[in-house]
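Structure first, commentary second.
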Amino acid sequence: MNDKRIIDWVDFSTPISFSKLNKIKQLWSECLYLVFPKQELDIIHLENFVKLFGKNLEDPFIKPVNGSKYVAKVLREKDEKSRLFADTWHRDWFHLTMPPKATALYAIEVPDIGGDTLFANQYEAYVGLPKTLKKIVDTHFGINSAKGGYSPEGIYGKDDVDRSMDLCYSNLAHQTQLHPLKIFHPDTKIPILNCNPGYTIGIEGIDENMSKEILHELFCHQTKSSYVFSHKWQKNDLVLWDNRCLLHKATGGYEGKRRLLYRVTIQ
């Protein structure tokens, strides 16, 4: 059966027609995640790809590759021993006032085993909420911060050594941002469960201990296997996903092998 999420009839190294772009946007709205296989792209192509869907966003805590303000390496060398990057469920840059609407990854070098990316559908997670949790989600804001990852004390902070990725920790990661625990997708108007283990650290108006208990329930719920699907990378895959309604996380299983992807975020 043909998977409409796999778009093999476009080449982003060349201009594409208005009709093709509209079809891609329609499929993206329906599927939330699209795969464009066998793309031959450079940094400029990736920055131009972003402009088809929005604006390039500078990553707050990842330095871009040379020659770009916006394209970042997601790299793990074959002998690397540091903790796997992005192995916690998250939405990219959820500590920002306006997190990016989309993320795209382009596979340059991928291992033959392991290294899949997992996604969790937060449309479905909201629908499946128990009534007690839904009542809280419908009426409260989450407190969000990047401190767990990018503060000096965070996972990628001052004690994170021998990492091949060019990360930069900062005290700015301690800042917090409120987001409603339920939002409606601006295009589809469908409700979304709007929190994640990577950035959500509390619930406004609920004491710390109770917030932790509720968030633990929410995190376990929103990443149930019934909401999760996996992408197995192939060289030159370009994958685009909706950062508003899909959580994602990295997986390992490719020890002794090198993995390199380029990432762009779309505002």
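We label chains A, B, ... in the order they appear in the structure tokens, count residues from 1 in each chain, and number ligands from 1 in the order shown.
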Which of stretch 1-70 of chain A DSSP labels helix (DSSP H, G or I), written as a ChimeraX atom specification: /A:18-31,43-51
Using only C-alpha atoms, which residues sit within 9 Å of A:Val71 once same-chain residues fewer than 5 positions away are excluded, as JSON, numbers by chain? {"A": [43, 46, 47, 56, 58, 59, 63, 64, 65, 66, 262, 263, 264, 265]}
With distances taken over only C-alpha atoms, which of A:Gln267, A:Arg259, A:Leu118, A:Tyr199 is nearest to A:Gly154? A:Tyr199
With only C-alpha atoms as the basis for distance, which of A:Ala173, A:Ala102, A:Ile266, A:Leu96 is at the shortest distance from A:Leu246?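 When distances to A:Leu246 are compared using only C-alpha atoms, the smallest one comes from A:Ala102.
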Contacts of A:Asn171 at 9 Å (only C-alpha atoms; same-chain gap of 3+ positions) as a PDB file with N, CA and C atoms, in the first residue's frame:
```pdb
ATOM      1  N   LYS A 147      16.176  24.587  31.354  1.00  0.00           N
ATOM      2  CA  LYS A 147      17.271  24.428  32.312  1.00  0.00           C
ATOM      3  C   LYS A 147      17.734  22.978  32.464  1.00  0.00           C
ATOM      4  N   TYR A 150      20.019  22.771  29.021  1.00  0.00           N
ATOM      5  CA  TYR A 150      20.989  23.743  28.519  1.00  0.00           C
ATOM      6  C   TYR A 150      21.478  24.761  29.540  1.00  0.00           C
ATOM      7  N   SER A 151      21.119  24.601  30.809  1.00  0.00           N
ATOM      8  CA  SER A 151      21.727  25.442  31.845  1.00  0.00           C
ATOM      9  C   SER A 151      23.123  24.902  32.155  1.00  0.00           C
ATOM     10  N   PRO A 152      23.944  25.669  32.878  1.00  0.00           N
ATOM     11  CA  PRO A 152      25.269  25.142  33.229  1.00  0.00           C
ATOM     12  C   PRO A 152      25.208  23.821  33.999  1.00  0.00           C
ATOM     13  N   HIS A 174      17.592  29.107  32.424  1.00  0.00           N
ATOM     14  CA  HIS A 174      16.797  29.088  33.668  1.00  0.00           C
ATOM     15  C   HIS A 174      15.484  29.848  33.520  1.00  0.00           C
ATOM     16  N   GLN A 175      15.356  30.666  32.500  1.00  0.00           N
ATOM     17  CA  GLN A 175      14.120  31.429  32.326  1.00  0.00           C
ATOM     18  C   GLN A 175      12.943  30.489  32.083  1.00  0.00           C
TER      19      GLN A 175
END
```
With distances taken over only C-alpha atoms, which residue among A:Leu238, A:Leu260, A:Val161, A:Leu181 lies nearest A:Ser13?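 Selected residue with least distance to A:Ser13: A:Leu238.
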Given only C-alpha atoms as the basis, pick out the residue of A:Asn22, A:Ser17, A:Ser170, A:Thr97 nearest to A:Gly149. A:Ser170
May I have the residues within 12 Å of A:Gln222 as a VMD selection string, using only C-alpha atoms and disregarding those fewer than 2 positions away in the same chain? chain A and resid 89 to 90 119 to 130 133 192 to 197 215 to 220 224 to 228 245 to 248
Contacts of A:Gly115 at 8 Å (only C-alpha atoms; same-chain gap of 4+ positions) as a VMD selection string: chain A and resid 110 to 111 232 to 233 250 to 254 259
Would you put the residues from that selection into a file with C-alpha atoms, as a short mmCIF file (atom, residue, chain, number, x, y, z; two decimals), in the first residue's frame?
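Just written: selection21.cif:
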```cif
data_model
loop_
_atom_site.label_atom_id
_atom_site.label_comp_id
_atom_site.auth_asym_id
_atom_site.auth_seq_id
_atom_site.Cartn_x
_atom_site.Cartn_y
_atom_site.Cartn_z
CA VAL A 110 23.20 7.12 9.03
CA PRO A 111 24.06 3.75 10.56
CA LYS A 232 13.94 4.43 10.21
CA TRP A 233 16.47 6.70 8.52
CA ALA A 250 16.17 10.04 19.54
CA THR A 251 17.08 6.39 20.01
CA GLY A 252 20.47 4.69 20.13
CA GLY A 253 21.49 1.18 19.19
CA TYR A 254 24.26 2.17 16.76
CA ARG A 259 25.53 9.40 12.52
#
```
Nearest to A:Tyr106 among A:Phe141, A:Phe18, A:Trp9, A:Phe49, with distances taken over only C-alpha atoms: which residue is it? A:Phe49
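Of the residues in stretch 9-100 of chain A, those given strand (DSSP E) by DSSP on the backbone are Tyr33, Leu34, Val35, Phe36, Asn56, Leu57, Ala72, Lys73, Val74, Leu75 and Arg76 of chain A.
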The selected residues should be written to file as a PDB file, in the first residue's frame (atoms: C-alpha atoms).
```pdb
ATOM      1  CA  TYR A  33       5.038  14.063   9.303  1.00  0.00           C
ATOM      2  CA  LEU A  34       6.387  13.742   5.760  1.00  0.00           C
ATOM      3  CA  VAL A  35       9.400  11.952   4.293  1.00  0.00           C
ATOM      4  CA  PHE A  36      11.140  13.207   1.152  1.00  0.00           C
ATOM      5  CA  ASN A  56      14.270  30.140   9.508  1.00  0.00           C
ATOM      6  CA  LEU A  57      14.759  30.134  13.284  1.00  0.00           C
ATOM      7  CA  ALA A  72      22.722  22.801  12.847  1.00  0.00           C
ATOM      8  CA  LYS A  73      24.541  19.471  12.960  1.00  0.00           C
ATOM      9  CA  VAL A  74      23.023  16.555  14.844  1.00  0.00           C
ATOM     10  CA  LEU A  75      26.208  14.510  15.085  1.00  0.00           C
ATOM     11  CA  ARG A  76      27.431  11.507  17.013  1.00  0.00           C
TER      12      ARG A  76
END
```
Could you check the closest approach to A:Asp166 for each of A:Val239, A:Ile113, A:Ile143, A:Ile62 and tell me which residue wins, using only C-alpha atoms? A:Ile62
Do you have the atom CA of A:Ile203-atom CA of A:Leu178 distance handy?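 That distance, rounded to one decimal, is 8.8 Å.
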